[in-house]
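Chemist: Structure in structure tokens, see below.
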Amino acid sequence: MGDLEVEKHVNYILSVEKKEDDFESVVMEHLRINGAYWGLTSLDLLGKIDAVDAEEVVAWVMKCQHESGGFGGNIGHDPHLLYTLSAIQVLSLFDKINMLDIDQVSNYIAGLQNEDGSFSGDIFIFYLCLWKHHNLKKSSPVSCRNVDGGFGCTPGGESHAGQIFCCVGALAITGSLHYIDKDLLGWWLCERQVKAGGLNGRPGKLPDVCYSWWVLSSLIMIDREHWIGKEKLVKYILDCQDKERGGISDRPDDAVDVFHTYFGVAGLSLLEYPGLKVIDPAYALPVDVVNRIFFRR
């Protein structure tokens, strides 16, 4: 199992930003702002966010904003709620929310809500909206709940750990966790742990490091995190490290990427791994950042 290769992961994350012409960079060009959130939040959890030039990052983020108030995945790209969320999260990391015209961004988000209270897309979009704008007309994700206790993308959709996180997170943010059957959902979630110690997103699938976040954060929000083997999950995540070049992959010996590096580090934070900052399971940001936003602590 070994230890968390902190310095190698930091060097890997910093190297990703510098690569502009390789395959990974090209295929991520349209969602570069998401990659910035994954990488920068990882650095913050590792206690190394000072390794980047904050002013340079913030300036680039603001160049991704569209006249509508929303943000694109890169400079010159169309706005989308997913990219807007990542932009706000990155600005939050550097305590630069004051750079935003809150009314303009809020109007962009509210303008995407449908008459029935839902948003175009799926339940993930609903979670993004609530993250950024608590005063929207309430459209309950409870309509996406299934008989197995899980939640799908839309009403009647198959239960999936990613959508479950979005629904549980939305309900947690709005103080509505009482709508969840915590034991039933907790059982579905804890069954995602496989013999190798990792977690999968739905029955019959292979484990993937990213579900260390989607599953475990949901279990924590419903107070059922003790229903899985935490030590086995820690071992699985650490076994997915590239111990020579840094980064974390979906499964042991696969290619690393910044997406799985973030979710691996975030999962270890949820598991209270020594030396990592604590992450908030609903807002997916370090707890000190969340406290600064809402309580100015």
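Chain labels run A, B, ... following the order of the structure tokens; each chain numbers its residues from 1, and ligands are numbered from 1 in the order shown.
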Using only C-alpha atoms, determine which residues lie at most 7 Å from region 242-246 of chain A, disregarding the query and same-chain residues fewer than 4 positions distant; provide the list as a PyMOL selection string.

Modeler: chain A and resi 5+8-9+12

Chemist: Might you pull out every residue within 6 Å of region 269-281 of chain A, with only C-alpha atoms counted and same-chain residues fewer than 4 positions away left off, and present them as an MDAnalysis selection string?

Modeler: chainID A and resid 45:46 217 285:287

Chemist: Please dump the current selection as a compact mmCIF listing (two decimals), in the first residue's frame; keep C-alpha atoms.

Modeler:
# COMPACT_ATOMS: atom_id res chain seq x y z
CA LEU A 45 -6.17 19.52 0.21
CA LEU A 46 -2.48 18.57 0.01
CA SER A 217 -19.52 11.66 0.51
CA LEU A 285 -14.33 22.23 -1.21
CA PRO A 286 -12.03 22.30 1.82
CA VAL A 287 -14.02 23.00 4.98

Chemist: Rank nothing, just name the residue among A:Leu14, A:Leu82, A:Ala172, A:Ile164 nearest to Ile49 (chain A), using only C-alpha atoms.

Modeler: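 Result for the nearest residue to Ile49 (chain A): A:Leu14.
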
Chemist: Find the residues near Gly149 (chain A): any atom within 9 Å, counting only C-alpha atoms, skip ones fewer than 4 places away on the same chain, and give them as number ranges by chain.

Modeler: A: 145, 159, 180-188

Chemist: If you take only C-alpha atoms and a cut-off of 8 Å, which residues of region 131-204 of chain A touch region 232-240 of chain A, and what are their nearest atom pairs and distances in Å to one decimal, in chain and number order, as a tab-separated table?

Modeler:
residue	atom	partner	partner_atom	distance
A:Ala196	CA	A:Tyr236	CA	6.8
A:Gly197	CA	A:Lys232	CA	4.5
A:Gly198	CA	A:Leu233	CA	5.3
A:Leu199	CA	A:Leu233	CA	7.7

Chemist: Limited to C-alpha atoms, could you put the picked residues into a file as a PDB file, in the first residue's frame?

Modeler:
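Dumped to out32.pdb:
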ATOM      1  CA  ALA A 196     -10.500  -5.264  -3.697  1.00  0.00           C
ATOM      2  CA  GLY A 197     -11.665  -2.478  -1.363  1.00  0.00           C
ATOM      3  CA  GLY A 198     -12.651   0.033  -4.040  1.00  0.00           C
ATOM      4  CA  LEU A 199     -16.152   1.262  -4.858  1.00  0.00           C
TER       5      LEU A 199
END

Chemist: Name all residues at most 10 Å from Ala54 (chain A) (count only C-alpha atoms; drop same-chain ones fewer than 5 positions away) and give them as a list of chain:residue names.

Modeler: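 Result of the neighbour search: A:Ile49, A:Ala59, A:Trp60, A:Val90, A:Leu91, A:Leu93, A:Phe94, A:Asp95, A:Lys96.
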
Chemist: Please produce a file of the residues just selected, as an mmCIF file, in the first residue's frame, where the atoms kept are N, CA, C and O atoms.

Modeler:
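What follows is the written file out-v9.cif:
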data_model
loop_
_atom_site.group_PDB
_atom_site.id
_atom_site.type_symbol
_atom_site.label_atom_id
_atom_site.label_comp_id
_atom_site.auth_asym_id
_atom_site.auth_seq_id
_atom_site.Cartn_x
_atom_site.Cartn_y
_atom_site.Cartn_z
ATOM 1 N N ILE A 49 -1.363 24.685 -2.287
ATOM 2 C CA ILE A 49 -1.970 25.574 -3.283
ATOM 3 C C ILE A 49 -1.096 26.805 -3.550
ATOM 4 O O ILE A 49 -1.217 27.459 -4.597
ATOM 5 N N ALA A 59 -7.231 35.629 -13.001
ATOM 6 C CA ALA A 59 -7.372 36.420 -14.227
ATOM 7 C C ALA A 59 -7.851 35.546 -15.374
ATOM 8 O O ALA A 59 -8.717 35.966 -16.172
ATOM 9 N N TRP A 60 -7.309 34.337 -15.485
ATOM 10 C CA TRP A 60 -7.735 33.420 -16.550
ATOM 11 C C TRP A 60 -9.187 33.007 -16.363
ATOM 12 O O TRP A 60 -9.964 32.966 -17.323
ATOM 13 N N VAL A 90 -13.218 27.610 -8.019
ATOM 14 C CA VAL A 90 -11.821 28.047 -8.111
ATOM 15 C C VAL A 90 -11.656 29.427 -7.477
ATOM 16 O O VAL A 90 -10.713 29.663 -6.702
ATOM 17 N N LEU A 91 -12.558 30.340 -7.766
ATOM 18 C CA LEU A 91 -12.486 31.662 -7.152
ATOM 19 C C LEU A 91 -12.616 31.561 -5.632
ATOM 20 O O LEU A 91 -11.961 32.317 -4.894
ATOM 21 N N LEU A 93 -11.531 29.110 -3.761
ATOM 22 C CA LEU A 93 -10.261 28.626 -3.220
ATOM 23 C C LEU A 93 -9.313 29.782 -2.922
ATOM 24 O O LEU A 93 -8.547 29.746 -1.947
ATOM 25 N N PHE A 94 -9.370 30.835 -3.766
ATOM 26 C CA PHE A 94 -8.461 31.974 -3.618
ATOM 27 C C PHE A 94 -9.129 33.168 -2.925
ATOM 28 O O PHE A 94 -8.574 34.266 -2.918
ATOM 29 N N ASP A 95 -10.322 32.943 -2.371
ATOM 30 C CA ASP A 95 -11.064 33.999 -1.677
ATOM 31 C C ASP A 95 -11.299 35.198 -2.591
ATOM 32 O O ASP A 95 -11.100 36.360 -2.202
ATOM 33 N N LYS A 96 -11.753 34.904 -3.825
ATOM 34 C CA LYS A 96 -11.973 35.948 -4.814
ATOM 35 C C LYS A 96 -13.421 35.972 -5.328
ATOM 36 O O LYS A 96 -13.674 36.411 -6.448
#

Chemist: Compile the contact shell of Asp50 (chain A) as a short mmCIF file (atom, residue, chain, number, x, y, z; two decimals) with N, CA, C and O atoms, in the first residue's frame: residues with an atom at most 12 Å away, counting only C-alpha atoms, same-chain residues fewer than 6 positions apart removed.

Modeler:
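Saved as around-v5.cif:
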data_model
loop_
_atom_site.label_atom_id
_atom_site.label_comp_id
_atom_site.auth_asym_id
_atom_site.auth_seq_id
_atom_site.Cartn_x
_atom_site.Cartn_y
_atom_site.Cartn_z
N VAL A 10 1.83 16.61 -6.43
CA VAL A 10 1.89 18.05 -6.66
C VAL A 10 2.61 18.34 -7.97
O VAL A 10 2.13 19.13 -8.80
N LEU A 14 0.95 20.13 -11.36
CA LEU A 14 1.54 21.33 -11.93
C LEU A 14 1.99 21.09 -13.37
O LEU A 14 1.91 21.99 -14.21
N LEU A 40 -6.52 22.28 -8.65
CA LEU A 40 -6.29 23.25 -7.60
C LEU A 40 -6.86 22.81 -6.26
O LEU A 40 -6.25 23.04 -5.21
N THR A 41 -8.02 22.14 -6.29
CA THR A 41 -8.58 21.64 -5.03
C THR A 41 -7.70 20.53 -4.47
O THR A 41 -7.50 20.44 -3.24
N SER A 42 -7.15 19.71 -5.35
CA SER A 42 -6.21 18.69 -4.89
C SER A 42 -5.02 19.33 -4.21
O SER A 42 -4.59 18.91 -3.12
N LEU A 43 -4.46 20.37 -4.84
CA LEU A 43 -3.32 21.07 -4.26
C LEU A 43 -3.68 21.66 -2.90
O LEU A 43 -2.88 21.60 -1.95
N ASP A 44 -4.87 22.22 -2.78
CA ASP A 44 -5.28 22.81 -1.51
C ASP A 44 -5.40 21.74 -0.43
O ASP A 44 -4.95 21.92 0.71
N VAL A 57 -4.19 32.65 -12.15
CA VAL A 57 -5.33 31.74 -12.25
C VAL A 57 -6.64 32.52 -12.25
O VAL A 57 -7.52 32.29 -13.09
N LEU A 93 -11.53 29.11 -3.76
CA LEU A 93 -10.26 28.63 -3.22
C LEU A 93 -9.31 29.78 -2.92
O LEU A 93 -8.55 29.75 -1.95
N PHE A 94 -9.37 30.84 -3.77
CA PHE A 94 -8.46 31.97 -3.62
C PHE A 94 -9.13 33.17 -2.92
O PHE A 94 -8.57 34.27 -2.92
#
